[in-house]
Amino acid sequence: MRDLSLHLLDIAQNSIAAQATKIDVHLEINPKLDYLALIISDNGKGMNAEFLQQITSPFTTTRTTRKVGLGLPLLMQNAERTGGYLEITSSVGKGTTLRAVFHPNHIDCPPMGDIAGVAAQLICSFPNISFSFSFKTDTSEFSITTLEIAQALEGIPINDTSVFPLVKQVIESSLEELKFPV
């Protein structure tokens, strides 16, 4: 995958497929410490220990339409290329947490991509899932949740077509103010 926003989208889709009703996304960057972390937690079905051990193999997938799954192996490869790592913990019936750490000053670190667009798309496309996004730098932090957006909309459905551009703009402007690299 070309950028972190596509990895985020892929992992969120895995959480949705695992029947998660709550997905928390945390992106933290500290260029001075050469640290970038993408942490995604969900309350989906979770995985047993045996499946979890094999999850980064491209030949391990729960899909029935094809026999390969490249999302997690590519995320692991991209993190490790920068000297970082991928860590996944999971409990059956409780959910999964994924933590990918990158060194953003490394030449092989993928760009952020359209983080605001992916976050807004997920929030607006899945109104029955509670999303929480937090973005943190070494100096400040911004967060946004599905609940906050729904309350601000005062009865307008979150999946109304007019809502997506507004949510994306709020996230983009907040990330600019935060000086979060996009």
# chains A, B, ... in the order shown; residues from 1 in each chain; ligands from 1
>>> select_by_dssp(residues="region 27-179 of chain A", states="strand (DSSP E)", output="ChimeraX atom specification")
/A:27-30,35-42,85-91,95-102,130-136,141-145
>>> residues_around(residues="Ser174 (chain A)", least_positions_apart="6", cutoff="10 Å", atoms="only C-alpha atoms", output="number ranges by chain")
A: 116, 135, 141-144, 168, 180
>>> closest_residue(among="A:Pro31, A:Pro110, A:Gly155, A:Pro165", to="Gln77 (chain A)", atoms="only C-alpha atoms")
A:Pro110
>>> residues_around(residues="Ala49 (chain A)", least_positions_apart="3", cutoff="12 Å", atoms="only C-alpha atoms", output="ChimeraX atom specification")
/A:46,52-55,88-92,96
>>> residues_around(residues="Cys109 (chain A)", least_positions_apart="2", cutoff="8 Å", atoms="only C-alpha atoms", output="ChimeraX atom specification")
/A:78-79,81-82,102-107,111
>>> residues_around(residues="Ile39 (chain A)", least_positions_apart="4", cutoff="8 Å", atoms="only C-alpha atoms", output="NGL selection string")
:A and (24-27 or 97-100)
>>> residues_around(residues="Glu148 (chain A)", least_positions_apart="6", cutoff="12 Å", atoms="only C-alpha atoms", output="MDAnalysis selection string")
chainID A and resid 123 130:133 154 158 167
>>> write_last_selection(atoms="C-alpha atoms", output="PDB file, in the first residue's frame")
ATOM      1  CA  ILE A 123     -17.389   7.787  10.061  1.00  0.00           C
ATOM      2  CA  SER A 130     -18.803   4.121  16.986  1.00  0.00           C
ATOM      3  CA  PHE A 131     -15.527   5.551  15.676  1.00  0.00           C
ATOM      4  CA  SER A 132     -13.031   7.507  17.723  1.00  0.00           C
ATOM      5  CA  PHE A 133     -10.044   9.172  16.056  1.00  0.00           C
ATOM      6  CA  GLU A 154     -28.795  17.820  15.404  1.00  0.00           C
ATOM      7  CA  ILE A 158     -24.382  11.024   9.723  1.00  0.00           C
ATOM      8  CA  VAL A 167     -16.557  16.120   8.464  1.00  0.00           C
TER       9      VAL A 167
END
>>> residues_around(residues="region 13-21 of chain A", least_positions_apart="3", cutoff="8 Å", atoms="only C-alpha atoms", output="PyMOL selection string")
chain A and resi 9-10+42-46+95+128-130
>>> atom_distance(atom1="CA of Tyr35 (chain A)", atom2="CA of Pro73 (chain A)")
20.6 Å
>>> atom_distance(atom1="CA of Lys179 (chain A)", atom2="CA of Ser140 (chain A)")
8.9 Å
